[in-house]
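*Asks:* Below is the file final-v7.pdb, which contains PDB, C-alpha atoms and all ligand atoms.
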ATOM      1  CA  MET A   1      12.182   9.238   4.081
ATOM      2  CA  GLU A   2      14.038   8.897   0.836
ATOM      3  CA  THR A   3      11.647   8.823  -2.156
ATOM      4  CA  LEU A   4      12.462   5.329  -3.417
ATOM      5  CA  GLU A   5      12.220   3.981   0.111
ATOM      6  CA  THR A   6       8.783   5.596   0.530
ATOM      7  CA  ILE A   7       7.626   3.965  -2.702
ATOM      8  CA  ARG A   8       9.052   0.613  -1.596
ATOM      9  CA  VAL A   9       7.440   0.531   1.844
ATOM     10  CA  ARG A  10       3.983   1.872   0.907
ATOM     11  CA  ARG A  11       1.309  -0.742   1.483
ATOM     12  CA  SER A  12      -2.398  -0.752   2.161
ATOM     13  CA  VAL A  13      -3.267  -0.315   5.837
ATOM     14  CA  ARG A  14      -6.837  -1.095   6.913
ATOM     15  CA  SER A  15      -6.639  -0.943  10.699
ATOM     16  CA  PHE A  16      -5.840   2.318  12.461
ATOM     17  CA  SER A  17      -5.213   3.688  15.959
ATOM     18  CA  ASP A  18      -7.309   6.559  17.312
ATOM     19  CA  LYS A  19      -4.340   8.969  17.164
ATOM     20  CA  GLU A  20      -5.475  12.190  15.554
ATOM     21  CA  ILE A  21      -4.024  13.485  12.285
ATOM     22  CA  THR A  22      -3.031  17.137  12.732
ATOM     23  CA  ASP A  23      -4.101  19.943  10.405
ATOM     24  CA  GLU A  24      -0.428  20.428   9.538
ATOM     25  CA  ILE A  25      -0.263  16.873   8.204
ATOM     26  CA  ILE A  26      -3.540  17.269   6.300
ATOM     27  CA  ASP A  27      -2.064  20.393   4.732
ATOM     28  CA  LYS A  28       1.019  18.419   3.603
ATOM     29  CA  LEU A  29      -1.178  15.685   2.135
ATOM     30  CA  MET A  30      -3.230  18.238   0.209
ATOM     31  CA  HIS A  31      -0.084  19.873  -1.149
ATOM     32  CA  ALA A  32       1.127  16.448  -2.305
ATOM     33  CA  ALA A  33      -2.281  15.700  -3.855
ATOM     34  CA  MET A  34      -2.227  18.843  -5.951
ATOM     35  CA  ALA A  35       1.413  18.429  -6.981
ATOM     36  CA  SER A  36       0.228  15.591  -9.235
ATOM     37  CA  PRO A  37       0.768  15.740 -12.968
ATOM     38  CA  SER A  38      -2.443  16.434 -14.880
ATOM     39  CA  ALA A  39      -3.305  16.318 -18.578
ATOM     40  CA  VAL A  40      -3.052  19.778 -20.176
ATOM     41  CA  ASP A  41      -2.487  20.949 -16.598
ATOM     42  CA  ARG A  42      -6.263  21.222 -16.105
ATOM     43  CA  ARG A  43      -6.038  20.080 -12.457
ATOM     44  CA  PRO A  44      -9.618  18.781 -12.526
ATOM     45  CA  TRP A  45      -9.714  17.890  -8.846
ATOM     46  CA  PHE A  46     -11.498  18.699  -5.606
ATOM     47  CA  TYR A  47     -10.996  16.987  -2.227
ATOM     48  CA  TYR A  48     -13.313  16.231   0.684
ATOM     49  CA  VAL A  49     -11.305  15.800   3.888
ATOM     50  CA  ILE A  50     -13.650  14.155   6.344
ATOM     51  CA  LYS A  51     -13.022  14.111  10.092
ATOM     52  CA  ASP A  52     -16.599  14.402  11.302
ATOM     53  CA  GLU A  53     -17.736  11.026  12.703
ATOM     54  CA  GLU A  54     -21.267  11.194  11.328
ATOM     55  CA  THR A  55     -20.052  12.092   7.843
ATOM     56  CA  LYS A  56     -17.397   9.340   7.891
ATOM     57  CA  GLN A  57     -20.137   6.855   8.788
ATOM     58  CA  LYS A  58     -22.189   8.030   5.796
ATOM     59  CA  VAL A  59     -19.210   7.276   3.547
ATOM     60  CA  ILE A  60     -18.644   3.861   5.128
ATOM     61  CA  ASP A  61     -22.336   2.989   4.756
ATOM     62  CA  ASN A  62     -22.100   3.713   1.037
ATOM     63  CA  MET A  63     -18.785   2.033   0.250
ATOM     64  CA  GLN A  64     -18.915  -1.286  -1.568
ATOM     65  CA  PHE A  65     -15.620  -3.025  -0.754
ATOM     66  CA  GLY A  66     -13.929  -0.607   1.622
ATOM     67  CA  LYS A  67     -15.555  -0.134   5.009
ATOM     68  CA  TYR A  68     -12.881   0.792   7.537
ATOM     69  CA  LYS A  69     -12.706   2.880  10.693
ATOM     70  CA  SER A  70     -10.095   5.630  10.448
ATOM     71  CA  PRO A  71      -9.503   9.113  11.872
ATOM     72  CA  VAL A  72      -9.745  10.725   8.418
ATOM     73  CA  ILE A  73     -11.215   9.829   5.036
ATOM     74  CA  ILE A  74     -10.172  11.803   1.966
ATOM     75  CA  ILE A  75     -12.368  11.653  -1.120
ATOM     76  CA  PRO A  76     -10.584  13.007  -4.193
ATOM     77  CA  CYS A  77     -13.195  14.010  -6.793
ATOM     78  CA  ILE A  78     -13.139  14.828 -10.475
ATOM     79  CA  ASN A  79     -14.249  18.424 -10.980
ATOM     80  CA  GLU A  80     -16.299  17.944 -14.148
ATOM     81  CA  LEU A  81     -16.189  21.704 -14.808
ATOM     82  CA  LYS A  82     -12.433  21.445 -15.386
ATOM     83  CA  THR A  83     -12.175  18.357 -17.585
ATOM     84  CA  ILE A  84     -10.976  18.520 -21.199
ATOM     85  CA  PRO A  85     -14.177  18.508 -23.335
ATOM     86  CA  PHE A  86     -12.778  16.177 -26.047
ATOM     87  CA  ALA A  87     -10.889  13.915 -23.621
ATOM     88  CA  LYS A  88     -12.907  13.750 -20.417
ATOM     89  CA  GLU A  89     -11.492  10.309 -19.573
ATOM     90  CA  LEU A  90      -8.094  11.839 -18.856
ATOM     91  CA  ALA A  91      -9.440  13.373 -15.643
ATOM     92  CA  ALA A  92      -9.651   9.909 -14.069
ATOM     93  CA  LEU A  93      -5.962   9.385 -14.773
ATOM     94  CA  ASP A  94      -5.182  12.726 -13.121
ATOM     95  CA  LEU A  95      -7.163  11.664 -10.063
ATOM     96  CA  ALA A  96      -5.418   8.278  -9.924
ATOM     97  CA  SER A  97      -2.092  10.056  -9.938
ATOM     98  CA  SER A  98      -3.249  12.491  -7.265
ATOM     99  CA  THR A  99      -4.572   9.623  -5.126
ATOM    100  CA  GLU A 100      -1.199   7.872  -5.331
ATOM    101  CA  ASN A 101       0.556  11.103  -4.345
ATOM    102  CA  ILE A 102      -1.573  11.191  -1.183
ATOM    103  CA  LEU A 103      -0.721   7.557  -0.379
ATOM    104  CA  LEU A 104       2.992   8.162  -0.832
ATOM    105  CA  ALA A 105       2.970  11.385   1.191
ATOM    106  CA  ALA A 106       1.044   9.585   3.932
ATOM    107  CA  THR A 107       3.636   6.788   3.989
ATOM    108  CA  ASP A 108       6.433   9.318   4.177
ATOM    109  CA  LEU A 109       4.732  10.978   7.160
ATOM    110  CA  GLY A 110       4.344   7.662   9.022
ATOM    111  CA  LEU A 111       0.650   7.270   8.271
ATOM    112  CA  GLY A 112      -1.130   4.208   6.960
ATOM    113  CA  SER A 113      -3.613   4.471   4.121
ATOM    114  CA  VAL A 114      -5.716   2.470   1.724
ATOM    115  CA  TRP A 115      -7.159   3.471  -1.660
ATOM    116  CA  CYS A 116     -10.734   2.242  -2.055
ATOM    117  CA  ALA A 117     -12.468   2.414  -5.389
ATOM    118  CA  ILE A 118     -15.553   4.504  -6.123
ATOM    119  CA  TYR A 119     -14.988   5.477  -9.782
ATOM    120  CA  PRO A 120     -15.964   4.214 -12.376
ATOM    121  CA  ASN A 121     -19.020   2.450 -10.880
ATOM    122  CA  LYS A 122     -21.948   4.790 -11.660
ATOM    123  CA  SER A 123     -24.252   3.675  -8.851
ATOM    124  CA  HIS A 124     -21.405   3.889  -6.350
ATOM    125  CA  ILE A 125     -20.536   7.394  -7.549
ATOM    126  CA  LYS A 126     -24.192   8.447  -7.186
ATOM    127  CA  ALA A 127     -24.467   6.976  -3.691
ATOM    128  CA  ILE A 128     -21.393   8.856  -2.418
ATOM    129  CA  GLN A 129     -22.481  12.077  -4.140
ATOM    130  CA  LYS A 130     -25.835  11.804  -2.398
ATOM    131  CA  ALA A 131     -24.385  10.838   0.990
ATOM    132  CA  LEU A 132     -22.105  13.893   0.992
ATOM    133  CA  ASN A 133     -24.582  16.224  -0.676
ATOM    134  CA  MET A 134     -22.105  16.923  -3.491
ATOM    135  CA  PRO A 135     -22.939  19.007  -6.528
ATOM    136  CA  LEU A 136     -23.225  16.763  -9.612
ATOM    137  CA  SER A 137     -20.176  18.513 -11.061
ATOM    138  CA  ARG A 138     -18.076  16.546  -8.540
ATOM    139  CA  THR A 139     -17.499  12.873  -9.297
ATOM    140  CA  PRO A 140     -16.068  11.049  -6.276
ATOM    141  CA  PHE A 141     -13.079   9.058  -7.511
ATOM    142  CA  SER A 142     -11.695   7.157  -4.528
ATOM    143  CA  ALA A 143     -11.982   6.998  -0.761
ATOM    144  CA  ILE A 144      -8.657   7.072   1.055
ATOM    145  CA  TYR A 145      -8.789   5.900   4.660
ATOM    146  CA  LEU A 146      -5.975   7.454   6.680
ATOM    147  CA  GLY A 147      -4.529   7.096  10.138
ATOM    148  CA  TYR A 148      -1.623   5.760  12.137
ATOM    149  CA  PRO A 149      -1.450   1.971  11.732
ATOM    150  CA  SER A 150      -2.915   0.113  14.707
ATOM    151  CA  GLU A 151      -0.721  -2.090  16.909
ATOM    152  CA  ASN A 152      -2.371  -5.232  15.558
ATOM    153  CA  ASP A 153      -1.895  -4.266  11.926
ATOM    154  CA  LYS A 154       0.114  -7.254  10.805
ATOM    155  CA  GLY A 155       0.571  -6.071   7.210
ATOM    156  CA  LYS A 156       3.904  -6.823   5.606
ATOM    157  CA  ILE A 157       5.782  -5.038   2.853
ATOM    158  CA  LYS A 158       5.419  -7.132  -0.276
ATOM    159  CA  ASP A 159       8.112  -7.446  -2.888
ATOM    160  CA  LYS A 160       6.065  -7.256  -6.072
ATOM    161  CA  TYR A 161       8.995  -6.979  -8.420
ATOM    162  CA  ASP A 162       8.675  -9.444 -11.298
ATOM    163  CA  GLU A 163      11.379  -9.463 -13.912
ATOM    164  CA  SER A 164       9.199 -11.474 -16.325
ATOM    165  CA  LYS A 165       6.937  -8.428 -16.740
ATOM    166  CA  ILE A 166       9.687  -6.402 -18.376
ATOM    167  CA  LYS A 167      11.100  -6.455 -21.867
ATOM    168  CA  ILE A 168      14.122  -4.260 -22.442
ATOM    169  CA  ILE A 169      14.589  -3.673 -26.147
TER     170      ILE A 169
HETATM  171  C1  LIG B 201      -8.141   1.265  -8.047
HETATM  172  C2  LIG B 201      -7.966   0.593  -6.703
HETATM  173  C3  LIG B 201      -9.088   0.218  -6.006
HETATM  174  C4  LIG B 201      -8.966  -0.385  -4.741
HETATM  175  N1  LIG B 201     -10.104  -0.661  -4.034
HETATM  176  C5  LIG B 201     -10.007  -1.210  -2.800
HETATM  177  C6  LIG B 201     -11.178  -1.440  -2.014
HETATM  178  O1  LIG B 201     -12.302  -1.168  -2.431
HETATM  179  N2  LIG B 201     -11.024  -1.972  -0.778
HETATM  180  C7  LIG B 201      -9.788  -2.282  -0.270
HETATM  181  O2  LIG B 201      -9.708  -2.757   0.855
HETATM  182  N3  LIG B 201      -8.650  -2.059  -0.990
HETATM  183  C8  LIG B 201      -8.731  -1.535  -2.225
HETATM  184  N4  LIG B 201      -7.590  -1.275  -2.957
HETATM  185  C9  LIG B 201      -6.267  -1.612  -2.397
HETATM  186  C10 LIG B 201      -5.716  -2.888  -3.046
HETATM  187  O3  LIG B 201      -6.436  -3.999  -2.569
HETATM  188  C11 LIG B 201      -4.213  -3.011  -2.722
HETATM  189  O4  LIG B 201      -3.522  -1.913  -3.268
HETATM  190  C12 LIG B 201      -3.619  -4.311  -3.267
HETATM  191  O5  LIG B 201      -4.142  -5.426  -2.597
HETATM  192  C13 LIG B 201      -2.109  -4.336  -3.152
HETATM  193  O6  LIG B 201      -1.706  -4.209  -1.812
HETATM  194  P1  LIG B 201      -0.753  -3.025  -1.321
HETATM  195  O7  LIG B 201      -1.502  -1.720  -1.549
HETATM  196  O8  LIG B 201      -0.534  -3.292   0.136
HETATM  197  O9  LIG B 201       0.501  -3.050  -2.128
HETATM  198  C14 LIG B 201      -7.678  -0.662  -4.196
HETATM  199  C15 LIG B 201      -6.553  -0.275  -4.933
HETATM  200  C16 LIG B 201      -6.686   0.358  -6.150
HETATM  201  C17 LIG B 201      -5.445   0.809  -6.892
END
Starting from the file, lay out its structure as structure tokens.

*Replies:*
Amino acid sequence: METLETIRVRRSVRSFSDKEITDEIIDKLMHAAMASPSAVDRRPWFYYVIKDEETKQKVIDNMQFGKYKSPVIIIPCINELKTIPFAKELAALDLASSTENILLAATDLGLGSVWCAIYPNKSHIKAIQKALNMPLSRTPFSAIYLGYPSENDKGKIKDKYDESKIKII
């Protein structure tokens, strides 16, 4: 897909078919994730790619506003050991960018996806850390549900363009 077209047609998908996502596709998504820009090029990220049913259920049980059934869940995390000591907040921006890269790559590959928030809610972060037995140096940032859109996924592409939100000087 052409880049601008991929950006245009990306939308949140919350209902998925059972069709498996191959390792080759996961590999492409991970390459896209790590191609993200990052402040001072610290790349303060780490990714959990979850296919195991029991582990996915643990995530779902601990999500606040995003409980969906999908073949794969990716949890991009901040690697606190790699953040910039005097500007730790920048790591969250890196992870937001990396999350978006995954969504766009998924769209390009014909997959549906939805970004569900974990960061910056402290109790939510703790719950997911505990559920996945993560070291405390990993701060779960988002949960991305991934899969091929189900037949009954009625989602439409929205045109969110709004000229009134621009000032050209
Ligand atoms: C930071 C962030 C957090 C989000 N959290 C959730 C969530 O918890 N559950 C959910 O279903 N969607 C979540 N979304 C998806 C938004 O609801 C969605 O992007 C928005 O409604 C616009 O729709 P679109 O993605 O189809 O353009 C989140 C998106 C972002 C960027």

*Asks:* Mind dumping a table of every stretch 37-132 of chain A residue within 7 Å of stretch 11-29 of chain A, with the nearest atom pair and its distance in Å to one decimal, using only C-alpha atoms, sorted by chain and rising number, as JSON lines?

*Replies:*
{"residue": "A:Tyr68", "atom": "CA", "partner": "A:Arg14", "partner_atom": "CA", "distance": 6.4}
{"residue": "A:Ser70", "atom": "CA", "partner": "A:Phe16", "partner_atom": "CA", "distance": 5.8}
{"residue": "A:Pro71", "atom": "CA", "partner": "A:Glu20", "partner_atom": "CA", "distance": 6.3}
{"residue": "A:Ile102", "atom": "CA", "partner": "A:Leu29", "partner_atom": "CA", "distance": 5.6}
{"residue": "A:Ala105", "atom": "CA", "partner": "A:Leu29", "partner_atom": "CA", "distance": 6.0}
{"residue": "A:Ala106", "atom": "CA", "partner": "A:Leu29", "partner_atom": "CA", "distance": 6.7}
{"residue": "A:Gly112", "atom": "CA", "partner": "A:Val13", "partner_atom": "CA", "distance": 5.1}
{"residue": "A:Ser113", "atom": "CA", "partner": "A:Val13", "partner_atom": "CA", "distance": 5.1}
{"residue": "A:Val114", "atom": "CA", "partner": "A:Ser12", "partner_atom": "CA", "distance": 4.6}

*Asks:* With the cut-off set at 9 Å and counting only C-alpha atoms and all ligand atoms, tabulate each residue of chain A with an atom at most that distance from an atom of ligand LIG 201 (chain B), showing the nearest atom pair and its distance in Å to one decimal, ordered by chain and increasing number, as CSV.

*Replies:*
residue,atom,partner,partner_atom,distance
A:Val9,CA,B:LIG201,O9,8.8
A:Arg10,CA,B:LIG201,O9,6.7
A:Arg11,CA,B:LIG201,O8,3.4
A:Ser12,CA,B:LIG201,O8,3.7
A:Val13,CA,B:LIG201,O8,7.0
A:Arg14,CA,B:LIG201,O2,6.9
A:Met63,CA,B:LIG201,O1,7.7
A:Gln64,CA,B:LIG201,O1,6.7
A:Phe65,CA,B:LIG201,O1,4.2
A:Gly66,CA,B:LIG201,N2,4.0
A:Lys67,CA,B:LIG201,N2,7.6
A:Tyr68,CA,B:LIG201,O2,8.2
A:Ala96,CA,B:LIG201,C1,7.8
A:Glu100,CA,B:LIG201,C17,8.4
A:Ser113,CA,B:LIG201,O7,8.7
A:Val114,CA,B:LIG201,C9,5.8
A:Trp115,CA,B:LIG201,C14,4.9
A:Cys116,CA,B:LIG201,N1,3.6
A:Ala117,CA,B:LIG201,C3,4.1
A:Ile118,CA,B:LIG201,O1,7.5
A:Tyr119,CA,B:LIG201,C1,8.2
A:Ser142,CA,B:LIG201,C3,7.6
A:Ala143,CA,B:LIG201,O1,8.3
A:Gly155,CA,B:LIG201,O8,7.7
A:Lys156,CA,B:LIG201,O8,7.9
A:Ile157,CA,B:LIG201,O8,7.1
A:Lys158,CA,B:LIG201,O9,6.7
A:Asp159,CA,B:LIG201,O9,8.8
A:Lys160,CA,B:LIG201,O9,8.0

*Asks:* What is the atom CA of A:Asn121-atom CA of A:Glu54 distance in Å, reported with one decimal?

*Replies:*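 That distance, rounded to one decimal, is 24.0 Å.
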
*Asks:* Could you tell me which residues the PyMOL selection byres (((chain A and resi 44) around 6) and not hetatm) returns for this structure, as a PyMOL selection string?

*Replies:* chain A and resi 42-43+45+78-79+82-83

*Asks:* Separation of atom CA of A:Pro140 and atom CA of A:Phe86, in Å?

*Replies:*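 That distance, rounded to one decimal, is 20.7 Å.
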
*Asks:* Go through A:Leu146, A:Glu53, A:Val72, A:Pro135 and flag the residue nearest A:Leu109, using all atoms listed in the file for the distances.

*Replies:*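 Of all the options, A:Leu146 lies closest to A:Leu109.
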
*Asks:* Taking only C-alpha atoms into account, name the residue in A:Val40, A:Ala33, A:Ile73, A:Ala131 that is nearest to A:Lys56.

*Replies:*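 Among the listed residues, A:Ile73 lies closest to A:Lys56.
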
*Asks:* Rounded to one decimal, what separation in Å do you get between atom CA of A:Phe141 and atom CA of A:Thr99?

*Replies:* 8.9 Å

*Asks:* Have a look at A:Ser98, A:Lys122, A:Lys165, A:Gly147 and name the one nearest to A:Gly110; count only C-alpha atoms.

*Replies:*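 Comparing A:Ser98, A:Lys122, A:Lys165, A:Gly147 against A:Gly110, the winner is A:Gly147.
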
*Asks:* Taking into account all atoms listed in the file, which residue in the set A:Thr107, A:Lys167, A:Arg138, A:Tyr145 is nearest to A:Ile7?

*Replies:*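 When distances to A:Ile7 are compared using all atoms listed in the file, the smallest one comes from A:Thr107.
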
*Asks:* In terms of the shortest atom-to-atom distance over only C-alpha atoms, which of A:His31, A:Arg8, A:Lys126, A:Lys88 is closest to A:Val59?

*Replies:*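 Looking only at the distances to A:Val59, the closest residue turns out to be A:Lys126.
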
*Asks:* Could you rebuild stretch 43-69 of chain A with N, CA and C atoms and give it back as an mmCIF file, in the frame of the given file?

*Replies:*
data_model
loop_
_atom_site.group_PDB
_atom_site.id
_atom_site.type_symbol
_atom_site.label_atom_id
_atom_site.label_comp_id
_atom_site.auth_asym_id
_atom_site.auth_seq_id
_atom_site.Cartn_x
_atom_site.Cartn_y
_atom_site.Cartn_z
ATOM 1 N N ARG A 43 -5.834 20.257 -13.910
ATOM 2 C CA ARG A 43 -6.038 20.080 -12.457
ATOM 3 C C ARG A 43 -7.524 19.928 -12.125
ATOM 4 N N PRO A 44 -8.166 18.912 -12.697
ATOM 5 C CA PRO A 44 -9.618 18.781 -12.526
ATOM 6 C C PRO A 44 -9.986 18.064 -11.234
ATOM 7 N N TRP A 45 -9.512 18.605 -10.114
ATOM 8 C CA TRP A 45 -9.714 17.890 -8.846
ATOM 9 C C TRP A 45 -10.335 18.760 -7.777
ATOM 10 N N PHE A 46 -10.924 18.076 -6.801
ATOM 11 C CA PHE A 46 -11.498 18.699 -5.606
ATOM 12 C C PHE A 46 -11.469 17.613 -4.530
ATOM 13 N N TYR A 47 -11.195 18.000 -3.283
ATOM 14 C CA TYR A 47 -10.996 16.987 -2.227
ATOM 15 C C TYR A 47 -11.924 17.223 -1.034
ATOM 16 N N TYR A 48 -12.585 16.182 -0.580
ATOM 17 C CA TYR A 48 -13.313 16.231 0.684
ATOM 18 C C TYR A 48 -12.415 15.579 1.725
ATOM 19 N N VAL A 49 -12.092 16.344 2.774
ATOM 20 C CA VAL A 49 -11.305 15.800 3.888
ATOM 21 C C VAL A 49 -12.269 15.639 5.049
ATOM 22 N N ILE A 50 -12.553 14.403 5.412
ATOM 23 C CA ILE A 50 -13.650 14.155 6.344
ATOM 24 C C ILE A 50 -13.130 13.663 7.691
ATOM 25 N N LYS A 51 -13.415 14.478 8.726
ATOM 26 C CA LYS A 51 -13.022 14.111 10.092
ATOM 27 C C LYS A 51 -14.254 13.868 10.947
ATOM 28 N N ASP A 52 -15.344 14.484 10.560
ATOM 29 C CA ASP A 52 -16.599 14.402 11.302
ATOM 30 C C ASP A 52 -17.119 12.947 11.331
ATOM 31 N N GLU A 53 -17.377 12.454 12.542
ATOM 32 C CA GLU A 53 -17.736 11.026 12.703
ATOM 33 C C GLU A 53 -18.988 10.645 11.913
ATOM 34 N N GLU A 54 -20.001 11.507 11.998
ATOM 35 C CA GLU A 54 -21.267 11.194 11.328
ATOM 36 C C GLU A 54 -21.083 11.123 9.811
ATOM 37 N N THR A 55 -20.285 12.052 9.295
ATOM 38 C CA THR A 55 -20.052 12.092 7.843
ATOM 39 C C THR A 55 -19.214 10.890 7.409
ATOM 40 N N LYS A 56 -18.212 10.529 8.227
ATOM 41 C CA LYS A 56 -17.397 9.340 7.891
ATOM 42 C C LYS A 56 -18.301 8.111 7.817
ATOM 43 N N GLN A 57 -19.246 8.022 8.778
ATOM 44 C CA GLN A 57 -20.137 6.855 8.788
ATOM 45 C C GLN A 57 -20.999 6.801 7.518
ATOM 46 N N LYS A 58 -21.393 7.984 7.035
ATOM 47 C CA LYS A 58 -22.189 8.030 5.796
ATOM 48 C C LYS A 58 -21.371 7.475 4.627
ATOM 49 N N VAL A 59 -20.086 7.802 4.610
ATOM 50 C CA VAL A 59 -19.210 7.276 3.547
ATOM 51 C C VAL A 59 -19.136 5.761 3.682
ATOM 52 N N ILE A 60 -18.807 5.307 4.882
ATOM 53 C CA ILE A 60 -18.644 3.861 5.128
ATOM 54 C C ILE A 60 -19.916 3.105 4.708
ATOM 55 N N ASP A 61 -21.056 3.649 5.081
ATOM 56 C CA ASP A 61 -22.336 2.989 4.756
ATOM 57 C C ASP A 61 -22.529 2.841 3.253
ATOM 58 N N ASN A 62 -21.887 3.727 2.488
ATOM 59 C CA ASN A 62 -22.100 3.713 1.037
ATOM 60 C C ASN A 62 -20.920 3.167 0.249
ATOM 61 N N MET A 63 -19.912 2.641 0.963
ATOM 62 C CA MET A 63 -18.785 2.033 0.250
ATOM 63 C C MET A 63 -19.127 0.585 -0.066
ATOM 64 N N GLN A 64 -18.590 0.089 -1.183
ATOM 65 C CA GLN A 64 -18.915 -1.286 -1.568
ATOM 66 C C GLN A 64 -17.926 -2.299 -0.999
ATOM 67 N N PHE A 65 -16.616 -2.041 -1.205
ATOM 68 C CA PHE A 65 -15.620 -3.025 -0.754
ATOM 69 C C PHE A 65 -14.606 -2.417 0.204
ATOM 70 N N GLY A 66 -14.895 -1.255 0.735
ATOM 71 C CA GLY A 66 -13.929 -0.607 1.622
ATOM 72 C C GLY A 66 -14.640 0.065 2.763
ATOM 73 N N LYS A 67 -14.856 -0.684 3.846
ATOM 74 C CA LYS A 67 -15.555 -0.134 5.009
ATOM 75 C C LYS A 67 -14.607 -0.236 6.189
ATOM 76 N N TYR A 68 -13.860 0.828 6.457
ATOM 77 C CA TYR A 68 -12.881 0.792 7.537
ATOM 78 C C TYR A 68 -13.103 1.970 8.475
ATOM 79 N N LYS A 69 -12.576 1.813 9.704
ATOM 80 C CA LYS A 69 -12.706 2.880 10.693
ATOM 81 C C LYS A 69 -11.369 3.608 10.755
#
